[in-house]
>>> print(open('protein34.txt').read())   # compact mmCIF, C-alpha atoms and all ligand atoms
# COMPACT_ATOMS: atom_id res chain seq x y z
CA MET A 181 114.86 46.10 110.66
CA ARG A 182 116.82 49.31 110.38
CA LEU A 183 120.39 48.79 111.56
CA LYS A 184 122.49 51.37 113.38
CA ILE A 185 125.05 53.00 111.09
CA VAL A 186 128.30 53.63 112.97
CA GLN A 187 130.17 56.92 112.58
CA VAL A 188 133.82 57.69 111.86
CA GLY A 189 136.01 56.86 114.87
CA GLU A 190 134.38 53.47 115.39
CA PRO A 191 137.31 51.00 115.12
CA VAL A 192 135.44 48.60 112.80
CA LEU A 193 135.51 51.26 110.05
CA ARG A 194 139.31 51.07 110.01
CA GLN A 195 139.66 47.28 109.99
CA ARG A 196 140.17 45.14 106.93
CA ALA A 197 136.97 43.10 106.67
CA ARG A 198 137.27 39.32 106.35
CA PRO A 199 135.97 37.49 103.26
CA LEU A 200 132.76 35.50 103.63
CA LEU A 201 133.08 31.76 103.08
CA GLN A 202 130.99 30.31 100.27
CA GLU A 203 128.97 28.24 102.79
CA GLU A 204 128.24 31.30 104.92
CA ILE A 205 126.46 33.10 102.07
CA ALA A 206 123.40 30.83 102.05
CA LEU A 207 123.00 30.90 105.84
CA PRO A 208 119.73 32.44 107.04
CA GLU A 209 121.65 34.97 109.18
CA THR A 210 123.62 36.21 106.15
CA GLN A 211 120.45 36.48 104.05
CA GLN A 212 118.74 38.29 106.94
CA LEU A 213 121.68 40.70 107.22
CA ILE A 214 121.43 41.46 103.48
CA ALA A 215 117.70 42.22 103.80
CA TRP A 216 118.31 44.47 106.81
CA MET A 217 121.17 46.27 105.07
CA HIS A 218 118.90 46.88 102.08
CA GLU A 219 116.21 48.31 104.35
CA THR A 220 118.81 50.43 106.19
CA VAL A 221 120.39 51.93 103.05
CA ARG A 222 116.96 52.76 101.61
CA GLU A 223 115.79 54.47 104.75
CA ALA A 224 119.04 56.42 105.22
CA PRO A 225 118.77 57.09 102.22
CA GLY A 226 122.07 56.25 100.56
CA VAL A 227 123.43 54.58 97.43
CA GLY A 228 125.61 52.06 99.24
CA LEU A 229 126.26 50.45 102.60
CA ALA A 230 129.12 48.17 103.63
CA ALA A 231 128.88 45.68 106.51
CA PRO A 232 131.56 47.49 108.59
CA GLN A 233 129.19 50.49 108.65
CA VAL A 234 126.74 48.40 110.64
CA GLY A 235 129.52 47.12 112.88
CA LEU A 236 130.40 43.87 111.10
CA PRO A 237 133.94 43.38 109.67
CA VAL A 238 132.91 41.11 106.76
CA GLN A 239 133.27 41.68 103.02
CA LEU A 240 129.67 42.39 102.17
CA ALA A 241 128.16 45.55 100.69
CA VAL A 242 124.88 46.54 99.10
CA ILE A 243 124.40 49.24 96.49
CA GLU A 244 121.34 50.81 94.87
CA ASP A 245 121.03 54.16 93.13
CA ARG A 246 117.30 54.76 92.80
CA PRO A 247 115.98 57.23 90.18
CA GLU A 248 114.35 59.42 92.85
CA TYR A 249 117.73 60.12 94.49
CA SER A 250 118.67 62.18 91.44
CA LYS A 251 115.45 64.16 91.06
CA ASP A 252 116.87 67.35 92.63
CA ILE A 253 120.08 67.27 90.60
CA SER A 254 120.11 69.16 87.29
CA ALA A 255 120.43 67.22 84.03
CA GLU A 256 123.72 69.03 83.46
CA ARG A 257 125.23 67.89 86.78
CA LEU A 258 123.94 64.34 86.26
CA ALA A 259 125.55 64.21 82.81
CA GLU A 260 128.81 65.56 84.25
CA ARG A 261 128.77 62.79 86.88
CA GLU A 262 127.71 60.11 84.36
CA ARG A 263 125.07 59.19 86.93
CA ASN A 264 122.34 56.72 86.02
CA PRO A 265 120.16 54.55 88.26
CA VAL A 266 121.72 51.30 89.50
CA PRO A 267 119.44 48.43 90.56
CA PHE A 268 119.88 46.80 93.98
CA GLN A 269 123.00 44.68 94.08
CA VAL A 270 124.76 42.58 96.72
CA LEU A 271 128.56 42.45 96.56
CA ILE A 272 130.39 39.75 98.51
CA ASN A 273 134.22 39.56 98.59
CA PRO A 274 134.47 42.14 95.78
CA ARG A 275 137.78 43.07 94.24
CA ILE A 276 138.80 45.57 91.62
CA ILE A 277 140.55 43.67 88.84
CA GLU A 278 140.97 46.62 86.49
CA GLN A 279 140.66 50.39 86.84
CA SER A 280 141.21 53.25 84.46
CA ALA A 281 144.11 55.63 84.91
CA GLU A 282 141.64 58.31 83.86
CA GLN A 283 139.99 59.82 86.94
CA ALA A 284 136.94 61.91 87.67
CA GLU A 285 136.52 64.25 90.64
CA PHE A 286 133.21 64.97 92.37
CA PHE A 287 131.70 65.66 95.77
CA GLU A 288 131.10 62.47 97.66
CA GLY A 289 129.52 61.70 101.01
CA CYS A 290 129.29 58.72 103.35
CA LEU A 291 126.63 57.56 105.80
CA SER A 292 129.43 57.07 108.36
CA LEU A 293 130.47 60.73 108.02
CA ALA A 294 126.96 62.05 108.32
CA GLY A 295 126.49 65.67 107.29
CA PHE A 296 129.79 66.12 105.40
CA SER A 297 131.10 65.96 101.86
CA ALA A 298 134.32 66.55 99.91
CA LEU A 299 135.81 66.34 96.44
CA VAL A 300 137.28 62.89 95.79
CA LYS A 301 139.18 61.71 92.70
CA ARG A 302 138.38 58.19 91.57
CA SER A 303 138.93 56.05 88.50
CA ARG A 304 136.29 56.74 85.88
CA ARG A 305 135.97 53.05 84.98
CA VAL A 306 136.44 49.87 87.00
CA THR A 307 136.01 46.14 86.52
CA VAL A 308 134.95 44.34 89.71
CA GLU A 309 134.66 40.64 90.44
CA TYR A 310 132.45 39.56 93.32
CA LEU A 311 130.07 36.90 94.56
CA ASP A 312 126.35 37.67 94.49
CA ASP A 313 123.86 36.79 97.23
CA ARG A 314 123.70 33.20 95.96
CA GLY A 315 127.47 32.79 95.92
CA GLN A 316 127.74 33.05 92.11
CA LEU A 317 130.91 34.63 90.75
CA ARG A 318 130.07 37.76 88.78
CA ARG A 319 131.85 40.58 87.02
CA ILE A 320 130.76 44.19 86.55
CA GLU A 321 132.26 46.74 84.20
CA ALA A 322 131.14 50.11 85.47
CA GLN A 323 131.66 53.71 84.45
CA GLY A 324 130.91 57.09 85.98
CA TRP A 325 128.94 57.33 89.22
CA TYR A 326 128.40 53.55 89.35
CA ALA A 327 132.19 53.05 89.24
CA ARG A 328 132.51 55.62 92.05
CA ILE A 329 129.99 53.83 94.27
CA LEU A 330 131.80 50.52 93.77
CA GLN A 331 135.19 52.05 94.67
CA HIS A 332 133.70 53.76 97.75
CA GLU A 333 132.16 50.51 99.06
CA ILE A 334 135.24 48.40 98.33
CA ASP A 335 137.32 51.00 100.21
CA HIS A 336 135.09 50.41 103.26
CA LEU A 337 135.93 46.70 103.15
CA ASP A 338 139.64 47.64 103.19
CA GLY A 339 139.19 49.97 106.17
CA SER A 340 139.42 53.13 104.04
CA LEU A 341 137.12 56.15 103.99
CA TYR A 342 136.73 58.89 101.39
CA ILE A 343 138.49 61.34 103.70
CA ASP A 344 141.70 59.36 103.03
CA ARG A 345 141.44 60.35 99.36
CA MET A 346 139.70 63.74 99.46
CA ASP A 347 141.01 67.17 98.59
CA PRO A 348 141.08 68.46 102.18
CA ARG A 349 140.30 72.06 101.16
CA SER A 350 136.98 70.91 99.74
CA PHE A 351 135.77 69.23 102.96
CA MET A 352 132.48 70.87 103.98
CA SER A 353 129.10 70.36 105.57
CA ILE A 354 126.36 69.16 103.26
CA ASP A 355 124.35 72.25 104.31
CA ASN A 356 127.09 74.48 102.93
CA LEU A 357 127.56 72.31 99.86
CA THR A 358 123.87 72.81 99.12
CA ARG A 359 123.97 76.50 99.95
CA HIS A 360 127.09 77.54 98.00
CA TRP A 361 128.47 74.91 95.65
CA LYS A 362 125.91 72.33 94.57
CA ASP A 363 125.06 73.73 91.14
CA MET A 364 128.59 74.66 90.08
CA PRO A 365 130.75 72.57 87.77
CA VAL A 366 133.57 70.91 89.72
CA GLN A 367 136.15 72.96 87.81
CA ALA A 368 134.53 76.19 89.05
CA VAL A 369 134.42 74.88 92.63
CA ARG A 370 138.11 74.02 92.48
CA GLN A 371 138.95 77.47 91.15
CA ALA A 372 136.92 79.20 93.85
CA LEU A 373 138.50 77.10 96.62
CA ALA A 374 141.98 77.74 95.21
CA ALA A 375 141.38 81.48 94.86
CA ALA A 376 140.29 81.68 98.49
CA ALA A 377 143.70 80.35 99.54
CA GLU A 378 145.63 83.25 98.05
ZN ZN B 401 130.65 55.23 102.93
>>> encode(input="protein34.txt", output="structure tokens", more="lines below")
Ligand code: ZN
Amino acid sequence: MRLKIVQVGEPVLRQRARPLLQEEIALPETQQLIAWMHETVREAPGVGLAAPQVGLPVQLAVIEDRPEYSKDISAERLAERERNPVPFQVLINPRIIEQSAEQAEFFEGCLSLAGFSALVKRSRRVTVEYLDDRGQLRRIEAQGWYARILQHEIDHLDGSLYIDRMDPRSFMSIDNLTRHWKDMPVQAVRQALAAAAE
């Protein structure tokens, strides 16, 4: 079943989600929710979906960066983003236990801010601890786009959205991103946006 993705302004997106209890993870309704969230994020399509985005304030998110999502992005831009496919993953009660001071800045979007994008700085590397869909404690060390996806989803569980971290001058519609900026290196985009301010 495809779930309804709520848009910015819905109070649940600004709440701190509650952790799931170990015994809740195995419940049929939790497993059903995971399956529906997987279906929903694939159909959107998107690379991640957090439970608050489907109206539920619990610490659960799914991520998946399928190879076909990158087929229209040039090899140069993919290398710049350090973007590689990520297999489907369920994150329950995730927390960032380490993050690099070194940051990377790229355009980012969100299924709850449909049609928009902006430049967002995030740590280039993170270490995340979480429970998987069987309640097993796991740890991921991620770099590049994968690290970005993890930070974006964990922000959702804290009631944060990328617009809280974006460079406001870079906020734009995805149509205009595609039309004017998509194939430019981030440095060139920044320069063009800065020049326009003078
Ligand atoms: Zn999002």
>>> residues_near_ligand(input="protein34.txt", ligand="ligand ZN 401 (chain B)", cutoff="9 Å", atoms="all atoms listed in the file", output="list in words")
Gly226, Gly228, Leu229, Ala230, Gln233, Glu288, Gly289, Cys290, Leu291, Ser292, Leu293, Ile329, His332, Glu333, Asp335, His336, Leu341 and Tyr342 of chain A
>>> residues_around(input="protein34.txt", residues="A:Ala241", least_positions_apart="6", cutoff="12 Å", atoms="all atoms listed in the file", output="PyMOL selection string")
chain A and resi 197+199-200+210+213-218+220-221+227-234+268-275+310-313+329-338
>>> closest_residue(input="protein34.txt", among="A:Lys362, A:Arg257, A:Arg314, A:Arg370", to="A:Gln211", atoms="all atoms listed in the file")
A:Arg314
>>> closest_residue(input="protein34.txt", among="A:Val242, A:Leu183, A:Ala206, A:Val192", to="A:Glu223", atoms="all atoms listed in the file")
A:Leu183
>>> atom_distance(input="protein34.txt", atom1="atom CA of A:Trp361", atom2="atom CA of A:Val266")
25.3 Å
>>> residues_around(input="protein34.txt", residues="A:Ala372", least_positions_apart="5", cutoff="12 Å", atoms="all atoms listed in the file", output="tab-separated table (two decimals) with C-alpha atoms, in the frame of the given file")
chain	number	residue	atom	x	y	z
A	349	ARG	CA	140.30	72.06	101.16
A	350	SER	CA	136.98	70.91	99.74
A	360	HIS	CA	127.09	77.54	98.00
A	361	TRP	CA	128.47	74.91	95.65
A	364	MET	CA	128.59	74.66	90.08
A	365	PRO	CA	130.75	72.57	87.77
A	366	VAL	CA	133.57	70.91	89.72
A	367	GLN	CA	136.15	72.96	87.81
A	377	ALA	CA	143.70	80.35	99.54
A	378	GLU	CA	145.63	83.25	98.05
>>> atom_distance(input="protein34.txt", atom1="atom CA of A:Val306", atom2="atom CA of A:Pro225")
24.4 Å
>>> atom_distance(input="protein34.txt", atom1="atom CA of A:Glu282", atom2="atom CA of A:Ser303")
5.8 Å
>>> closest_residue(input="protein34.txt", among="A:Leu317, A:Ile185, A:Ala322, A:Leu299", to="A:Ser280", atoms="all atoms listed in the file")
A:Ala322
>>> residues_around(input="protein34.txt", residues="A:Ile276", least_positions_apart="3", cutoff="8 Å", atoms="all atoms listed in the file", output="VMD selection string")
chain A and resid 279 306 to 309
>>> residues_around(input="protein34.txt", residues="A:Ala255", least_positions_apart="6", cutoff="12 Å", atoms="only C-alpha atoms", output="list in words")
Arg261, Glu262, Arg263, Asn264 and Asp363 of chain A
>>> write_last_selection(input="protein34.txt", atoms="C-alpha atoms", output="PDB file, in the frame of the given file")
ATOM      1  CA  ARG A 261     128.770  62.790  86.880  1.00  0.00           C
ATOM      2  CA  GLU A 262     127.710  60.110  84.360  1.00  0.00           C
ATOM      3  CA  ARG A 263     125.070  59.190  86.930  1.00  0.00           C
ATOM      4  CA  ASN A 264     122.340  56.720  86.020  1.00  0.00           C
ATOM      5  CA  ASP A 363     125.060  73.730  91.140  1.00  0.00           C
TER       6      ASP A 363
END
>>> closest_residue(input="protein34.txt", among="A:Gly324, A:Gly189, A:Pro348, A:Gly339", to="A:Val300", atoms="all atoms listed in the file")
A:Pro348
>>> residues_near_point(input="protein34.txt", point="(137.9, 61.8, 94.7)", cutoff="10 Å", atoms="all atoms listed in the file", output="PyMOL selection string")
chain A and resi 283-288+298-303+328+332+342-347
>>> closest_residue(input="protein34.txt", among="A:Trp325, A:Arg246, A:Ile277, A:Val369", to="A:Ala259", atoms="only C-alpha atoms")
A:Trp325
>>> decode(input="protein34.txt", residues="stretch 244-317 of chain A", atoms="C-alpha atoms", output="compact mmCIF listing (two decimals), in the first residue's frame")
# COMPACT_ATOMS: atom_id res chain seq x y z
CA GLU A 244 17.46 2.87 -0.56
CA ASP A 245 19.46 4.50 -3.33
CA ARG A 246 18.79 2.41 -6.41
CA PRO A 247 21.22 2.52 -9.38
CA GLU A 248 18.50 3.78 -11.75
CA TYR A 249 18.01 6.95 -9.66
CA SER A 250 21.45 8.10 -10.80
CA LYS A 251 21.15 7.30 -14.50
CA ASP A 252 20.48 10.92 -15.55
CA ILE A 253 23.32 12.35 -13.47
CA SER A 254 26.71 12.72 -15.15
CA ALA A 255 29.65 10.61 -13.95
CA GLU A 256 31.37 13.85 -12.96
CA ARG A 257 28.50 15.00 -10.72
CA LEU A 258 28.16 11.51 -9.20
CA ALA A 259 31.88 11.46 -8.37
CA GLU A 260 31.63 14.94 -6.85
CA ARG A 261 28.75 13.75 -4.63
CA GLU A 262 30.48 10.43 -3.80
CA ARG A 263 27.17 8.84 -4.72
CA ASN A 264 26.93 5.06 -5.02
CA PRO A 265 23.88 2.78 -4.79
CA VAL A 266 22.72 1.87 -1.26
CA PRO A 267 20.68 -1.31 -0.74
CA PHE A 268 17.36 -1.16 1.11
CA GLN A 269 17.88 -0.60 4.80
CA VAL A 270 15.61 -0.15 7.82
CA LEU A 271 16.83 2.17 10.57
CA ILE A 272 15.15 2.03 13.98
CA ASN A 273 16.15 4.41 16.82
CA PRO A 274 19.23 5.56 14.86
CA ARG A 275 21.76 7.91 16.37
CA ILE A 276 24.87 9.54 15.03
CA ILE A 277 27.76 8.53 17.27
CA GLU A 278 30.50 10.18 15.23
CA GLN A 279 30.58 12.73 12.42
CA SER A 280 33.37 14.40 10.52
CA ALA A 281 34.09 18.08 10.95
CA GLU A 282 34.72 18.06 7.22
CA GLN A 283 31.53 18.95 5.36
CA ALA A 284 30.24 18.66 1.83
CA GLU A 285 27.61 20.90 0.25
CA PHE A 286 25.11 19.77 -2.39
CA PHE A 287 21.54 20.27 -3.55
CA GLU A 288 19.15 18.20 -1.51
CA GLY A 289 15.42 17.61 -1.70
CA CYS A 290 12.74 16.07 0.49
CA LEU A 291 9.50 14.24 -0.28
CA SER A 292 7.81 16.47 2.33
CA LEU A 293 8.92 19.62 0.46
CA ALA A 294 7.80 18.35 -2.90
CA GLY A 295 9.12 20.29 -5.88
CA PHE A 296 11.91 22.19 -4.09
CA SER A 297 15.63 21.89 -3.47
CA ALA A 298 18.49 23.81 -1.84
CA LEU A 299 22.17 23.61 -1.05
CA VAL A 300 22.77 21.95 2.33
CA LYS A 301 26.08 21.45 4.13
CA ARG A 302 26.46 18.12 5.90
CA SER A 303 29.25 16.07 7.43
CA ARG A 304 31.07 14.08 4.78
CA ARG A 305 31.35 11.01 7.03
CA VAL A 306 29.14 9.67 9.82
CA THR A 307 28.98 6.64 12.07
CA VAL A 308 25.42 5.63 12.96
CA GLU A 309 24.15 3.06 15.43
CA TYR A 310 20.64 1.71 14.95
CA LEU A 311 18.43 -1.34 15.28
CA ASP A 312 17.53 -3.23 12.12
CA ASP A 313 14.10 -4.65 11.29
CA ARG A 314 14.79 -7.66 13.55
CA GLY A 315 15.85 -5.50 16.48
CA GLN A 316 19.57 -6.28 16.05
CA LEU A 317 21.99 -3.51 17.02
